[in-house]
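Asks: Got a structure for you, written out below as structure tokens; questions coming shortly.
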Amino acid sequence: MRTLLSALCCIAIVQSTASIRNKMAALITGDWFAESEVMWPGQRFSLKVKKDGVLHRSRSKFQDILVFQSETYGKVLVLDGVIQLTERDEFAYQEMIAHLPLFAHAEPKRVCIVGGGDGGVLREVARHSCVEVIDMCEIDEQVVAVAKEHFSDSTATSFDDPRLTLVHADAAAYLKAIVDGKGDSSDPAIAAALKRRSSQWPGYDVIIVDSSDPVGPAETLFAPAFYDSMKAALAPNGIVCTQGECLWLHLPLIAKVVTACRATFPSVEYAYTTVPTYPSGQIGFVLCSLDDGERALIRPTRAPTTSLQKLLRYYNPDVHAASFILPEFAARELKKSR
Ligand code: SPD
């Protein structure tokens, strides 16, 4: 009986490995990787793969994971067929999603990162010496393991920061548990994280949601209920910054999210950055603040020290302010909910 069971297991493993290989193979034809086009029908971004450049492929509990060495963009991390980062341009995203909210806040001490398993946002948050607590909730343990193995000298550099508590759980459940203050969550990872909270927990100063696109494991992170939980999890004057998709491709979705946020938060703005290997070369951020000051998000309240500025390759205080200035077609659409 046991032999039969283990044989069946082996067949299942072989079959699922074969199906991952087929799916991944479909993404790489000859020397070229082509991104899946589910969220951007009719367009496909391609990168040339180095000879024997596929470094990792697997299926985690949640998604397909692929790492390859490209000809011109360094190593590339792909989840469910969609590029998450390349070593050449990742800083344009990680710096902006982290430093926009962190420099808009006067003194961020407690930061929560949702997602961000590659470690890039953590690397940027860890550069702020005023930050005392970094809680990170990444659902997929395997993404962190793959990042540590393949991106240890680019994005996965701060997983040993003593301020970090890393929880592998569903972020919607995690934040709900934080807000309810329930240490008896049915998820042991969440229960353990909550046990470390004192009853005096004042809430997060900044919550950064570094999610993949809203197809697959990140779907719940774009729902209004998640924004309600984030608002409830913030300290006074707290700021949320979420991955906000692309103005060229997803303006109706962005307008919907911004409108929903404006019904909940006193200050809501949209900013963007340029990332050549993201769809249409651009990606934005939805920023929400509990501070109702007119320029609460747009004007940085602190500036990087000289030594930190030297480390940064995209963010500076002028770029901060400029990133909120939107092209007319987008500004017009997002103005409707003001
Ligand atoms: N369309 C791709 C969006 C990816 C956003 N998350 C990237 C993770 C980098 N830390």
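Residues are named by chain letter and number: chains run A, B, ... in the order of the structure tokens, numbers start at 1 in each chain, and ligands are numbered from 1 in the order shown.
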So which residues are near ligand 1, meaning at most 6 Å away with only C-alpha atoms and all ligand atoms counted, given back as a PDB file with N, CA and C atoms, in the first residue's frame?

Replies:
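Produced file selection34.pdb, reproduced below:
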ATOM      1  N   ILE A  83       7.199  39.765 -15.293  1.00  0.00           N
ATOM      2  CA  ILE A  83       8.480  40.242 -14.758  1.00  0.00           C
ATOM      3  C   ILE A  83       8.240  41.013 -13.464  1.00  0.00           C
ATOM      4  N   GLN A  84       8.918  40.621 -12.392  1.00  0.00           N
ATOM      5  CA  GLN A  84       8.833  41.338 -11.112  1.00  0.00           C
ATOM      6  C   GLN A  84      10.009  42.288 -10.962  1.00  0.00           C
ATOM      7  N   LEU A  85      11.167  41.845 -11.430  1.00  0.00           N
ATOM      8  CA  LEU A  85      12.308  42.759 -11.386  1.00  0.00           C
ATOM      9  C   LEU A  85      13.403  42.282 -12.318  1.00  0.00           C
ATOM     10  N   GLY A 116       6.712  41.916  -1.355  1.00  0.00           N
ATOM     11  CA  GLY A 116       8.129  42.326  -1.375  1.00  0.00           C
ATOM     12  C   GLY A 116       9.108  41.200  -1.128  1.00  0.00           C
ATOM     13  N   ASP A 118      11.182  39.605  -2.805  1.00  0.00           N
ATOM     14  CA  ASP A 118      12.527  39.672  -3.386  1.00  0.00           C
ATOM     15  C   ASP A 118      13.488  40.468  -2.504  1.00  0.00           C
ATOM     16  N   GLY A 120      13.816  43.806  -2.170  1.00  0.00           N
ATOM     17  CA  GLY A 120      14.237  45.131  -2.645  1.00  0.00           C
ATOM     18  C   GLY A 120      13.645  46.277  -1.829  1.00  0.00           C
ATOM     19  N   ASP A 210       3.962  46.058  -1.714  1.00  0.00           N
ATOM     20  CA  ASP A 210       4.730  45.733  -2.919  1.00  0.00           C
ATOM     21  C   ASP A 210       4.165  44.444  -3.489  1.00  0.00           C
ATOM     22  N   SER A 211       3.052  44.570  -4.172  1.00  0.00           N
ATOM     23  CA  SER A 211       2.384  43.341  -4.631  1.00  0.00           C
ATOM     24  C   SER A 211       2.676  43.091  -6.102  1.00  0.00           C
ATOM     25  N   SER A 212       2.371  41.862  -6.518  1.00  0.00           N
ATOM     26  CA  SER A 212       2.333  41.595  -7.948  1.00  0.00           C
ATOM     27  C   SER A 212       0.993  42.118  -8.471  1.00  0.00           C
ATOM     28  N   ASP A 213       0.650  41.814  -9.707  1.00  0.00           N
ATOM     29  CA  ASP A 213      -0.587  42.359 -10.289  1.00  0.00           C
ATOM     30  C   ASP A 213      -1.812  41.654  -9.701  1.00  0.00           C
ATOM     31  N   TYR A 278       8.880  47.040 -17.107  1.00  0.00           N
ATOM     32  CA  TYR A 278       7.473  46.845 -16.714  1.00  0.00           C
ATOM     33  C   TYR A 278       6.596  47.206 -17.906  1.00  0.00           C
TER      34      TYR A 278
END

Asks: Would you pick out the contacts of range 28-34 of chain A at 9 Å or less, using only C-alpha atoms, so that residues sharing its chain but fewer than 3 positions from it are not included, and give the list as JSON, numbers by chain?

Replies: {"A": [24, 25, 37, 44, 45, 46, 47, 48, 49, 50, 51, 70, 81]}

Asks: How far is it from CA of Phe91 in chain A to CA of Leu287 in chain A, in Å with one decimal?

Replies: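 Going from CA of Phe91 in chain A over to CA of Leu287 in chain A, I get 18.8 Å.
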
Asks: Mind running range 188-268 of chain A against range 133-157 of chain A at 10 Å and telling me each contacting residue's nearest atom pair with the distance in Å (one decimal), counting only C-alpha atoms, chain and number ascending, as a tab-separated table?

Replies:
residue	atom	partner	partner_atom	distance
A:Ala189	CA	A:Cys137	CA	9.9
A:Ile190	CA	A:Cys137	CA	9.3
A:Ala193	CA	A:Asp135	CA	8.9
A:Tyr204	CA	A:Val133	CA	9.0
A:Val206	CA	A:Ile134	CA	9.8
A:Ile207	CA	A:Asp135	CA	9.4
A:Ile208	CA	A:Met136	CA	9.4
A:Val209	CA	A:Cys137	CA	9.6
A:Asp210	CA	A:Glu138	CA	9.4
A:Ser211	CA	A:Glu138	CA	9.2
A:Pro217	CA	A:Ile139	CA	8.2
A:Ala218	CA	A:Ile139	CA	9.3

Asks: Among the residues of range 9-248 of chain A, find those DSSP assigns to alpha helix (DSSP H) from the backbone and print them as JSON, numbers by chain.

Replies: {"A": [9, 10, 11, 12, 13, 14, 15, 16, 17, 18, 19, 20, 21, 22, 23, 24, 25, 26, 27, 90, 91, 92, 93, 94, 95, 96, 97, 98, 99, 100, 101, 102, 103, 104, 120, 121, 122, 123, 124, 125, 141, 142, 143, 144, 145, 146, 147, 148, 149, 150, 171, 172, 173, 174, 175, 176, 177, 178, 179, 180, 188, 189, 190, 191, 192, 193, 194, 195, 224, 225, 226, 227, 228, 229, 230, 231, 232, 233, 247, 248]}

Asks: What is the distance between CA of Pro279 in chain A and CA of Ala330 in chain A, in Å to one decimal?

Replies: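 Pair CA of Pro279 in chain A / CA of Ala330 in chain A returns 16.9 Å.
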
Asks: Using only C-alpha atoms for the distances, tell me which of A:Thr165, A:Thr273, A:Gln63, A:Ser323 is nearest to Arg110 in chain A.

Replies: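 Smallest distance to Arg110 in chain A is found for A:Thr165.
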
Asks: Taking the backbone alone, and naming residues the way the document does, which bits of range 72-120 of chain A are strand (DSSP E or B) by DSSP, as JSON, numbers by chain?

Replies: {"A": [75, 76, 77, 78, 79, 82, 83, 84, 85, 86, 110, 111, 112, 113, 114, 115]}

Asks: Include all heavy atoms and write out the residues we just selected as a compact mmCIF listing (two decimals), in the first residue's frame.

Replies:
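Below you can see part.txt, which holds the result:
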# COMPACT_ATOMS: atom_id res chain seq x y z
N LYS A 75 20.03 39.57 -13.91
CA LYS A 75 19.10 38.48 -13.58
C LYS A 75 17.69 39.02 -13.52
O LYS A 75 17.47 40.18 -13.13
CB LYS A 75 19.46 37.88 -12.23
CG LYS A 75 20.68 36.97 -12.30
CD LYS A 75 20.93 36.34 -10.94
CE LYS A 75 22.40 36.13 -10.72
NZ LYS A 75 22.75 36.05 -9.32
N VAL A 76 16.74 38.15 -13.87
CA VAL A 76 15.34 38.57 -13.95
C VAL A 76 14.49 37.61 -13.12
O VAL A 76 14.65 36.40 -13.21
CB VAL A 76 14.85 38.53 -15.43
CG1 VAL A 76 13.41 39.03 -15.54
CG2 VAL A 76 15.77 39.36 -16.32
N LEU A 77 13.60 38.18 -12.28
CA LEU A 77 12.66 37.35 -11.50
C LEU A 77 11.28 37.47 -12.14
O LEU A 77 10.77 38.58 -12.34
CB LEU A 77 12.60 37.85 -10.05
CG LEU A 77 11.53 37.20 -9.16
CD1 LEU A 77 11.83 35.71 -8.91
CD2 LEU A 77 11.41 37.93 -7.82
N VAL A 78 10.68 36.31 -12.42
CA VAL A 78 9.37 36.27 -13.09
C VAL A 78 8.42 35.44 -12.23
O VAL A 78 8.75 34.33 -11.82
CB VAL A 78 9.51 35.61 -14.49
CG1 VAL A 78 8.16 35.53 -15.19
CG2 VAL A 78 10.52 36.36 -15.36
N LEU A 79 7.25 35.99 -11.91
CA LEU A 79 6.24 35.22 -11.17
C LEU A 79 5.00 35.07 -12.05
O LEU A 79 4.51 36.07 -12.60
CB LEU A 79 5.85 35.93 -9.87
CG LEU A 79 6.96 36.13 -8.83
CD1 LEU A 79 6.43 36.85 -7.59
CD2 LEU A 79 7.59 34.80 -8.42
N VAL A 82 5.06 36.96 -15.25
CA VAL A 82 5.15 38.43 -15.28
C VAL A 82 6.46 38.87 -14.62
O VAL A 82 6.79 38.43 -13.50
CB VAL A 82 3.94 39.07 -14.55
CG1 VAL A 82 4.10 40.58 -14.46
CG2 VAL A 82 2.64 38.71 -15.28
N ILE A 83 7.20 39.76 -15.29
CA ILE A 83 8.48 40.24 -14.76
C ILE A 83 8.24 41.01 -13.46
O ILE A 83 7.45 41.96 -13.42
CB ILE A 83 9.18 41.17 -15.78
CG1 ILE A 83 9.58 40.37 -17.02
CG2 ILE A 83 10.41 41.85 -15.15
CD1 ILE A 83 10.13 41.21 -18.17
N GLN A 84 8.92 40.62 -12.39
CA GLN A 84 8.83 41.34 -11.11
C GLN A 84 10.01 42.29 -10.96
O GLN A 84 9.86 43.36 -10.40
CB GLN A 84 8.82 40.36 -9.94
CG GLN A 84 7.65 39.40 -9.97
CD GLN A 84 6.30 40.12 -9.96
OE1 GLN A 84 6.05 40.95 -9.11
NE2 GLN A 84 5.44 39.80 -10.92
N LEU A 85 11.17 41.85 -11.43
CA LEU A 85 12.31 42.76 -11.39
C LEU A 85 13.40 42.28 -12.32
O LEU A 85 13.51 41.08 -12.62
CB LEU A 85 12.85 42.90 -9.96
CG LEU A 85 13.55 41.70 -9.32
CD1 LEU A 85 15.05 41.66 -9.62
CD2 LEU A 85 13.37 41.79 -7.81
N THR A 86 14.21 43.25 -12.77
CA THR A 86 15.49 42.92 -13.40
C THR A 86 16.54 43.67 -12.60
O THR A 86 16.26 44.74 -12.05
CB THR A 86 15.59 43.36 -14.88
OG1 THR A 86 15.91 44.76 -14.93
CG2 THR A 86 14.31 43.10 -15.66
N ARG A 110 7.69 52.72 12.73
CA ARG A 110 7.16 51.37 12.56
C ARG A 110 6.65 51.21 11.12
O ARG A 110 5.73 51.92 10.71
CB ARG A 110 6.02 51.13 13.54
CG ARG A 110 6.49 51.09 15.00
CD ARG A 110 5.33 51.22 15.95
NE ARG A 110 4.65 52.49 15.75
CZ ARG A 110 5.01 53.64 16.33
NH1 ARG A 110 6.03 53.69 17.15
NH2 ARG A 110 4.35 54.75 16.06
N VAL A 111 7.25 50.27 10.39
CA VAL A 111 6.92 50.10 8.97
C VAL A 111 6.47 48.67 8.72
O VAL A 111 7.06 47.72 9.25
CB VAL A 111 8.16 50.43 8.09
CG1 VAL A 111 7.87 50.19 6.63
CG2 VAL A 111 8.61 51.88 8.32
N CYS A 112 5.42 48.54 7.90
CA CYS A 112 4.98 47.20 7.48
C CYS A 112 5.16 47.09 5.97
O CYS A 112 4.74 47.99 5.23
CB CYS A 112 3.50 47.02 7.85
SG CYS A 112 2.80 45.47 7.28
N ILE A 113 5.78 46.02 5.54
CA ILE A 113 5.89 45.76 4.09
C ILE A 113 4.99 44.56 3.79
O ILE A 113 5.12 43.50 4.40
CB ILE A 113 7.34 45.40 3.68
CG1 ILE A 113 8.30 46.53 4.07
CG2 ILE A 113 7.41 45.12 2.19
CD1 ILE A 113 9.78 46.15 3.95
N VAL A 114 4.08 44.75 2.84
CA VAL A 114 3.23 43.64 2.41
C VAL A 114 3.79 43.14 1.09
O VAL A 114 3.99 43.93 0.16
CB VAL A 114 1.77 44.12 2.25
CG1 VAL A 114 0.94 43.03 1.57
CG2 VAL A 114 1.18 44.50 3.59
N GLY A 115 4.03 41.84 0.97
CA GLY A 115 4.65 41.30 -0.25
C GLY A 115 6.14 41.59 -0.19
O GLY A 115 6.77 41.51 0.87

Asks: Which neighbours of Tyr93 in chain A fall inside 9 Å, counting only C-alpha atoms, when residues of the same chain fewer than 5 positions from it are skipped, and could you give them as a list in words?

Replies: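 What passes the distance filter is Leu85, Ala98, Gly120, Val121, Thr273, Thr274, Val275, Ile283, Gly284 and Tyr314 of chain A.
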
Asks: If we count only C-alpha atoms and set the cut-off at 10 Å, which residues sit around Pro101 in chain A, ignoring sequence neighbours fewer than 6 positions away in its own chain? Please answer as a list in words.

Replies: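 The neighbour list is Pro108, Asp205, Val206, Ile207, Ile208, Gly238, Ile239, Val240, Cys241, Thr242, Leu287, Cys288, Ser289, Ala296, Leu297, Ile298, Pro300 and His320 of chain A.
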
Asks: Please measure the separation of CA of Ala92 in chain A and CA of Asp228 in chain A, giving the value in Å to one decimal.

Replies: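 These two atoms are separated by 28.3 Å.
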
Asks: So that I can see what lies close to Val54 in chain A, please list as a PDB file with all heavy atoms, in the first residue's frame the residues with an atom at most 8 Å from it, counting only C-alpha atoms and leaving out residues fewer than 5 positions away in the same chain.

Replies:
ATOM      1  N   VAL A  49      17.533  35.880 -23.485  1.00  0.00           N
ATOM      2  CA  VAL A  49      18.074  35.039 -22.399  1.00  0.00           C
ATOM      3  C   VAL A  49      19.499  34.629 -22.772  1.00  0.00           C
ATOM      4  O   VAL A  49      19.756  34.243 -23.920  1.00  0.00           O
ATOM      5  CB  VAL A  49      17.203  33.764 -22.229  1.00  0.00           C
ATOM      6  CG1 VAL A  49      17.712  32.908 -21.077  1.00  0.00           C
ATOM      7  CG2 VAL A  49      15.737  34.125 -22.043  1.00  0.00           C
ATOM      8  N   LEU A  66      10.288  31.827 -11.863  1.00  0.00           N
ATOM      9  CA  LEU A  66      11.349  31.652 -12.864  1.00  0.00           C
ATOM     10  C   LEU A  66      12.422  32.705 -12.635  1.00  0.00           C
ATOM     11  O   LEU A  66      12.106  33.868 -12.370  1.00  0.00           O
ATOM     12  CB  LEU A  66      10.738  31.832 -14.267  1.00  0.00           C
ATOM     13  CG  LEU A  66      11.679  31.996 -15.461  1.00  0.00           C
ATOM     14  CD1 LEU A  66      12.454  30.706 -15.741  1.00  0.00           C
ATOM     15  CD2 LEU A  66      10.888  32.380 -16.719  1.00  0.00           C
ATOM     16  N   VAL A  67      13.673  32.290 -12.682  1.00  0.00           N
ATOM     17  CA  VAL A  67      14.789  33.243 -12.640  1.00  0.00           C
ATOM     18  C   VAL A  67      15.674  32.936 -13.839  1.00  0.00           C
ATOM     19  O   VAL A  67      16.014  31.781 -14.081  1.00  0.00           O
ATOM     20  CB  VAL A  67      15.644  33.107 -11.353  1.00  0.00           C
ATOM     21  CG1 VAL A  67      16.816  34.091 -11.370  1.00  0.00           C
ATOM     22  CG2 VAL A  67      14.801  33.308 -10.102  1.00  0.00           C
ATOM     23  N   PHE A  68      15.984  33.968 -14.626  1.00  0.00           N
ATOM     24  CA  PHE A  68      16.926  33.732 -15.719  1.00  0.00           C
ATOM     25  C   PHE A  68      17.920  34.876 -15.831  1.00  0.00           C
ATOM     26  O   PHE A  68      17.681  35.978 -15.318  1.00  0.00           O
ATOM     27  CB  PHE A  68      16.204  33.479 -17.051  1.00  0.00           C
ATOM     28  CG  PHE A  68      15.486  34.670 -17.635  1.00  0.00           C
ATOM     29  CD1 PHE A  68      16.119  35.544 -18.500  1.00  0.00           C
ATOM     30  CD2 PHE A  68      14.147  34.905 -17.328  1.00  0.00           C
ATOM     31  CE1 PHE A  68      15.460  36.634 -19.051  1.00  0.00           C
ATOM     32  CE2 PHE A  68      13.474  35.988 -17.871  1.00  0.00           C
ATOM     33  CZ  PHE A  68      14.132  36.863 -18.737  1.00  0.00           C
ATOM     34  N   GLN A  69      19.029  34.572 -16.477  1.00  0.00           N
ATOM     35  CA  GLN A  69      20.071  35.571 -16.704  1.00  0.00           C
ATOM     36  C   GLN A  69      19.818  36.148 -18.091  1.00  0.00           C
ATOM     37  O   GLN A  69      19.832  35.427 -19.082  1.00  0.00           O
ATOM     38  CB  GLN A  69      21.436  34.858 -16.641  1.00  0.00           C
ATOM     39  CG  GLN A  69      22.641  35.739 -16.790  1.00  0.00           C
ATOM     40  CD  GLN A  69      22.942  36.555 -15.529  1.00  0.00           C
ATOM     41  OE1 GLN A  69      23.035  35.979 -14.448  1.00  0.00           O
ATOM     42  NE2 GLN A  69      23.077  37.861 -15.681  1.00  0.00           N
TER      43      GLN A  69
END

Asks: Please identify all polymer residues within 12 Å of range 261-269 of chain A, counting only C-alpha atoms, omitting same-chain residues fewer than 3 positions from it, and present them as number ranges by chain.

Replies: A: 100-101, 222-232, 234, 236-242, 244, 254-258, 272, 284-299, 321, 323-326, 331, 334-338

Asks: Considering only C-alpha atoms, can you say which of A:Ala303, A:Leu27, A:Leu221, A:Ala271 comes closest to Arg57 in chain A?

Replies: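 Using only C-alpha atoms, the shortest distance to Arg57 in chain A belongs to A:Leu27.
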
Asks: Tell me which protein, DNA and RNA residues are within 12 Å of Ala177 in chain A, counting only C-alpha atoms, leaving out same-chain ones fewer than 5 positions away, and put them as a PyMOL selection string.

Replies: chain A and resi 169-172+182-195+197+229-230+232-233
